[in-house]
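For reference, target13.cif is printed below; it contains mmCIF, C-alpha atoms.
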data_target
loop_
_atom_site.label_atom_id
_atom_site.label_comp_id
_atom_site.auth_asym_id
_atom_site.auth_seq_id
_atom_site.Cartn_x
_atom_site.Cartn_y
_atom_site.Cartn_z
CA VAL H 233 122.35 137.99 143.17
CA THR H 234 123.25 134.29 143.29
CA LEU H 235 119.60 133.42 143.81
CA LEU H 236 118.56 135.55 140.88
CA ALA H 237 121.23 133.98 138.66
CA THR H 238 120.11 130.48 139.65
CA TRP H 239 116.48 131.38 139.01
CA GLY H 240 117.43 132.83 135.61
CA ALA H 241 119.35 129.69 134.64
CA ALA H 242 116.48 127.45 135.75
CA GLN H 243 114.03 129.52 133.75
CA ALA H 244 116.27 129.38 130.67
CA LEU H 245 116.53 125.60 131.02
CA ALA H 246 112.76 125.27 131.38
CA GLU H 247 112.23 127.40 128.27
CA LEU H 248 114.75 125.28 126.37
CA ALA H 249 113.00 122.07 127.46
CA ALA H 250 109.61 123.47 126.40
CA GLU H 251 111.03 124.53 123.04
CA ASN H 252 112.58 121.10 122.60
CA GLN H 253 109.28 119.42 123.42
CA ALA H 254 107.41 121.65 120.97
CA LEU H 255 109.96 120.85 118.27
CA ARG H 256 109.60 117.12 118.89
CA ALA H 257 105.83 117.43 118.69
CA ARG H 258 106.13 119.26 115.37
CA VAL H 259 108.48 116.61 113.97
CA ALA H 260 106.13 113.84 115.17
CA ALA H 261 103.20 115.61 113.49
CA LEU H 262 105.14 115.89 110.24
CA LEU H 263 105.93 112.16 110.33
CA TRP H 264 102.27 111.22 110.81
CA ASN H 265 99.70 111.13 108.02
CA ARG H 266 96.61 112.47 109.75
CA GLN H 267 94.24 111.65 106.93
CA LEU H 268 95.27 107.99 106.79
CA ASN H 269 96.02 107.79 110.52
CA CYS H 270 99.45 106.16 110.16
CA PRO H 271 103.16 107.07 110.07
CA ARG H 272 104.63 108.36 106.82
CA ARG H 273 107.48 106.79 104.89
CA GLU H 274 110.10 109.00 106.61
CA ALA H 275 109.07 107.57 109.98
CA ILE H 276 109.46 104.04 108.62
CA GLU H 277 112.91 104.88 107.30
CA ASP H 278 113.93 106.33 110.68
CA ALA H 279 112.72 103.30 112.60
CA TRP H 280 114.11 100.69 110.23
CA ALA H 281 117.72 101.07 111.39
CA GLY H 282 116.73 100.01 114.91
CA LEU H 283 114.86 96.89 113.80
CA ASP H 284 116.12 93.39 114.66
CA HIS H 285 116.02 92.48 110.97
CA ASP H 286 116.84 88.79 111.45
CA ALA H 287 113.68 88.22 113.43
CA TYR H 288 111.31 90.32 111.36
CA ALA H 289 109.20 89.89 108.26
CA LEU H 290 107.90 92.62 106.01
CA LEU H 291 104.20 92.55 105.21
CA PHE H 292 103.75 94.76 102.16
CA PHE H 293 100.31 95.52 100.82
CA ASP H 294 98.94 97.48 97.93
CA LEU H 295 95.27 98.47 97.72
CA ASP H 296 93.39 97.09 94.73
CA GLY H 297 91.37 99.38 92.49
CA LEU H 298 92.18 102.63 94.26
CA ASN H 299 90.87 104.75 91.37
CA ALA H 300 87.52 102.98 91.43
CA ALA H 301 87.37 103.33 95.22
CA ASN H 302 88.15 107.06 95.00
CA TYR H 303 85.38 107.43 92.44
CA ALA H 304 82.91 105.52 94.60
CA TYR H 305 83.70 106.95 98.05
CA GLY H 306 85.66 110.15 97.31
CA TYR H 307 89.25 110.78 98.47
CA ALA H 308 88.14 111.64 101.99
CA GLY H 309 85.95 108.56 102.17
CA VAL H 310 88.78 106.26 101.14
CA GLY H 311 91.08 108.02 103.64
CA GLU H 312 88.55 107.40 106.44
CA ARG H 313 88.29 103.75 105.47
CA ILE H 314 92.06 103.28 105.51
CA ALA H 315 92.29 105.12 108.83
CA SER H 316 89.73 102.75 110.33
CA VAL H 317 91.80 99.77 109.19
CA TRP H 318 94.86 101.15 110.99
CA ASP H 319 92.73 101.72 114.09
CA GLY H 320 91.74 98.07 114.02
CA LEU H 321 95.28 96.86 113.36
CA ARG H 322 97.06 98.87 116.00
CA ALA H 323 95.82 96.57 118.77
CA ASN H 324 97.60 93.69 117.02
CA LEU H 325 100.96 95.44 116.81
CA ARG H 326 103.64 95.17 119.47
CA ALA H 327 106.14 97.76 120.66
CA GLY H 328 108.99 97.75 118.16
CA ASP H 329 106.83 96.77 115.19
CA ILE H 330 106.92 99.21 112.30
CA HIS H 331 103.93 100.26 110.25
CA GLY H 332 102.95 103.03 107.89
CA GLN H 333 102.36 104.43 104.44
CA TRP H 334 105.01 103.66 101.85
CA LEU H 335 103.98 105.32 98.59
CA GLY H 336 100.96 107.39 97.61
CA GLY H 337 97.70 106.40 99.18
CA ASP H 338 97.77 102.75 98.30
CA GLU H 339 101.07 101.14 99.36
CA PHE H 340 101.57 100.31 103.02
CA LEU H 341 103.91 98.15 105.04
CA ILE H 342 104.15 96.51 108.42
CA ALA H 343 107.27 94.91 109.91
CA VAL H 344 106.54 92.29 112.57
CA PRO H 345 108.22 89.14 113.95
CA HIS H 346 108.03 86.23 111.45
CA ALA H 347 105.38 84.32 113.36
CA ASP H 348 103.02 87.32 113.45
CA ALA H 349 103.16 88.11 109.74
CA ALA H 350 100.66 85.60 108.31
CA PRO H 351 97.97 86.14 111.00
CA LEU H 352 98.37 89.89 110.61
CA ALA H 353 98.00 89.62 106.82
CA ALA H 354 94.69 87.81 107.37
CA ARG H 355 93.65 90.50 109.83
CA VAL H 356 94.45 93.23 107.28
CA GLN H 357 92.30 91.53 104.65
CA ALA H 358 89.43 91.09 107.11
CA LEU H 359 89.54 94.75 108.16
CA LEU H 360 89.72 95.90 104.54
CA GLN H 361 86.70 93.77 103.69
CA LEU H 362 84.72 95.48 106.44
CA VAL H 363 85.18 98.81 104.63
CA GLU H 364 84.73 97.30 101.17
CA LEU H 365 88.38 97.57 100.15
CA SER H 366 90.87 94.86 99.24
CA ALA H 367 94.63 94.60 98.78
CA SER H 368 97.32 92.41 97.30
CA ARG H 369 99.97 91.50 99.85
CA VAL H 370 103.26 89.66 100.15
CA ILE H 371 105.47 88.69 103.09
CA VAL H 372 109.24 88.70 102.66
CA ALA H 373 112.24 88.68 105.01
CA ALA H 374 113.22 92.06 106.46
CA ALA H 375 116.79 92.80 105.37
CA PRO H 376 118.88 95.66 106.79
CA ASP H 377 118.53 97.51 103.49
CA LEU H 378 114.94 98.82 103.52
CA ALA H 379 114.89 99.70 99.82
CA ALA H 380 116.10 96.20 98.88
CA THR H 381 113.50 94.60 101.15
CA VAL H 382 110.66 96.62 99.67
CA GLY H 383 112.07 96.00 96.19
CA ALA H 384 111.95 92.24 96.81
CA ALA H 385 108.32 92.57 97.92
CA GLU H 386 107.31 94.80 95.00
CA LEU H 387 108.76 92.40 92.44
CA ALA H 388 106.80 89.49 93.88
CA MET H 389 103.65 91.58 93.91
CA LYS H 390 104.05 92.75 90.33
CA ALA H 391 104.62 89.20 89.14
CA ALA H 392 101.62 87.90 91.07
CA ARG H 393 99.44 90.65 89.58
CA CYS H 394 100.68 90.03 86.04
CA GLY H 395 99.85 86.35 86.49
CA ALA H 396 96.44 87.21 87.89
CA ARG H 397 95.69 89.31 84.83
CA GLY H 398 96.40 86.28 82.67
CA GLU H 399 99.24 87.84 80.76
CA GLY H 400 101.35 84.74 81.13
CA ARG H 401 103.43 84.83 84.25
CA ARG H 402 106.51 83.29 82.70
CA GLY H 403 106.77 85.78 79.84
CA VAL H 404 106.31 88.75 82.12
CA LEU H 405 108.95 87.47 84.51
CA VAL H 406 111.48 87.32 81.70
CA ASP H 407 110.60 90.91 80.87
CA LEU H 408 111.13 91.99 84.47
CA ARG H 409 114.52 90.34 84.60
CA GLU H 410 115.54 92.05 81.38
CA ARG H 411 114.27 95.32 82.78
CA SER H 412 116.35 94.78 85.92
CA LYS H 413 119.41 94.23 83.77
CA GLU H 414 118.68 97.40 81.81
CA LEU H 415 118.53 99.32 85.07
CA GLY H 416 121.83 97.76 86.12
CA SER H 417 120.46 96.12 89.21
CA ALA H 418 120.79 92.49 88.05
CA MET S 240 122.45 62.48 103.07
CA LYS S 241 123.74 65.08 105.48
CA ASN S 242 122.94 67.90 103.00
CA LEU S 243 119.49 66.48 102.35
CA ALA S 244 118.79 66.40 106.08
CA ALA S 245 119.92 70.00 106.40
CA THR S 246 117.64 71.00 103.53
CA ASN S 247 114.62 69.27 105.01
CA ASP S 248 115.42 70.86 108.33
CA LEU S 249 115.56 74.31 106.75
CA LYS S 250 112.52 73.99 104.48
CA PRO S 251 109.90 75.15 107.02
CA ALA S 252 112.12 78.07 107.91
CA LEU S 253 112.34 79.09 104.26
CA ASP S 254 108.67 78.53 103.55
CA TRP S 255 107.23 81.24 105.77
CA LEU S 256 107.88 83.67 102.95
CA ASP S 257 104.40 84.27 101.54
CA LEU S 258 104.45 85.65 98.03
CA ASP S 259 100.74 85.80 97.27
CA GLY S 260 100.64 83.00 94.77
CA ILE S 261 103.93 83.49 92.96
CA THR S 262 106.39 80.63 93.44
CA LYS S 263 109.70 81.14 95.21
CA THR S 264 111.41 80.01 92.03
CA ALA S 265 109.74 82.78 90.01
CA TRP S 266 110.36 85.34 92.74
CA LEU S 267 114.06 84.54 93.12
CA ALA S 268 114.42 84.59 89.33
CA GLN S 269 113.42 88.25 89.33
CA LEU S 270 115.64 89.38 92.19
CA SER S 271 119.10 90.70 91.45
CA PRO S 272 121.93 88.62 92.96
CA ILE S 273 122.44 91.16 95.74
CA ASN S 274 118.77 90.97 96.72
CA VAL S 275 118.77 87.17 96.61
CA ARG S 276 121.71 87.30 98.96
CA ALA S 277 120.04 89.85 101.23
CA GLN S 278 116.95 87.65 101.58
CA ALA S 279 119.12 84.57 102.18
CA ALA S 280 121.17 86.49 104.75
CA VAL S 281 118.08 87.26 106.82
CA LEU S 282 116.90 83.67 106.75
CA SER S 283 120.38 82.43 107.59
CA ALA S 284 120.65 84.68 110.63
CA ALA S 285 117.15 83.78 111.75
CA ASN S 286 117.94 80.06 111.57
CA GLY S 287 121.53 79.97 112.74
CA ARG S 288 122.80 78.81 109.35
CA SER S 289 125.27 80.33 106.95
CA VAL S 290 124.11 82.21 103.86
CA ARG S 291 125.70 79.44 101.80
CA GLN S 292 123.58 76.81 103.58
CA VAL S 293 120.38 78.72 102.87
CA LEU S 294 121.34 79.17 99.22
CA ASN S 295 122.26 75.49 98.93
CA ALA S 296 118.87 74.60 100.39
CA TRP S 297 117.13 76.87 97.86
CA VAL S 298 119.04 75.07 95.09
CA ALA S 299 118.18 71.63 96.52
CA LEU S 300 114.50 72.60 96.78
CA GLY S 301 114.52 73.81 93.19
CA TYR S 302 113.93 77.47 94.07
CA LEU S 303 117.25 78.72 92.73
CA PRO S 304 119.20 77.45 89.70
CA ALA S 305 122.66 76.17 90.70
CA ALA S 306 124.12 78.27 87.90
CA ARG S 307 123.18 81.49 89.78
CA LEU S 308 125.01 80.48 92.96
CA PRO S 309 128.43 81.94 92.05
CA LEU S 310 126.85 85.28 91.09
CA VAL S 311 124.81 85.44 94.28
CA MET S 312 127.76 84.44 96.47
CA ALA S 313 129.90 87.11 94.80
CA ALA S 314 127.30 89.82 95.45
CA GLN S 315 127.91 91.82 98.60
CA SER S 316 125.04 93.41 100.44
CA PRO S 317 125.28 97.12 101.47
CA ASP S 318 125.19 95.92 105.06
CA GLU S 319 128.24 93.74 104.55
CA VAL S 320 130.06 96.55 102.75
CA ALA S 321 129.33 98.91 105.67
CA SER S 322 130.70 96.49 108.24
#

For the file at hand, write its structure as structure tokens.
Amino acid sequence: VTLLATWGAAQALAELAAENQALRARVAALLWNRQLNCPRREAIEDAWAGLDHDAYALLFFDLDGLNAANYAYGYAGVGERIASVWDGLRANLRAGDIHGQWLGGDEFLIAVPHADAAPLAARVQALLQLVELSASRVIVAAAPDLAATVGAAELAMKAARCGARGEGRRGVLVDLRERSKELGSA
Amino acid sequence: MKNLAATNDLKPALDWLDLDGITKTAWLAQLSPINVRAQAAVLSAANGRSVRQVLNAWVALGYLPAARLPLVMAAQSPDEVAS
């Protein structure tokens, strides 16, 4: 009877472990964007708390002309191109680095030690060029507050793009500041 | 002279921020005080300086108007509130 009870308990434990493993696999699958071959935003948010923020920089990039690219290559074609860029980048990432999709299909981020950020940004651009895509990118300091860090990056990117479009960088910046005040974040 | 030396010492540490063509002055002008402080806090920790020293260096380098310093110093980051 004792033997049977022990066997039953062991079997129950094994079933529990298998169930746990299956659950973990399902969660991991949900956190991974299979089409773009990279982690989703939720995975980034989960990992961010464990980052050594003082030592890290955030490389934030936004694909240029996504609509035109979708028209030229189709959604699946653009997805394959982005996936190939991540394949090429993964070899340059270290354990503990964070990477993935931020918003939609065109905003991505990578968190790496300060010294790695600029070389990695160049690598991203080179890999994008290979698949006939391009992106705007900025590098800012990784603060403990992920939303604030991304916000700091997005503001720089918007301003750089406004300037690039020749709308008059200074005037647009004033508008952004006013907008920030309206939103109560200034 | 001591402050100037500290600023020169910190400048390379502050200049790794790469904003794709926009100047640090323009970038900081857009950030809310709490976000300016958050960015300064990271650079301060990374360089073994206080937040105040980083902000003073930004002022000395012309990135941040001195008039914004009190607002930025008064802003508390969510991280600081939590701790």

Explicit residue set for the PyMOL selection byres ((chain S) within 9 of (chain H)), as a PyMOL selection string: chain S and resi 255-263+265-275+277-286+316-318

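A straight line drawn from atom CA of H:Leu359 to atom CA of H:Glu277 is 25.5 Å long.
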
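Excluding S:Ala306 itself and any same-chain residue fewer than 3 positions from it, the protein and nucleic acid residues within 12 Å of it, counting only C-alpha atoms, are Ala268, Pro272, Leu294, Asn295, Val298, Gly301, Tyr302, Leu303, Pro309, Leu310, Val311 and Met312 of chain S.
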
Residue nearest S:Ala252 among S:Thr264, S:Pro304, S:Arg276, S:Trp297 (counting only C-alpha atoms):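 So, comparing all the options, the nearest one is S:Trp297.
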
Atomic distance atom CA of H:Glu247 - atom CA of H:Trp264, expressed in Å with one decimal: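 Value for the atom CA of H:Glu247-atom CA of H:Trp264 distance: 25.8 Å.
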
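Omitting H:Asp278 and its sequence neighbours fewer than 3 positions away, and counting all atoms listed in the file, the residues within 12 Å are Ala260, Leu263, Pro271, Arg272, Arg273, Glu274, Ala275, Ala281, Gly282, Leu283, Ile330, His331, Gly332 and Leu378 of chain H.
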
Interatomic distance (Å, one decimal) between atom CA of H:Gly311 and atom CA of H:Asn299: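 About the pair atom CA of H:Gly311 and atom CA of H:Asn299: they are 12.7 Å apart.
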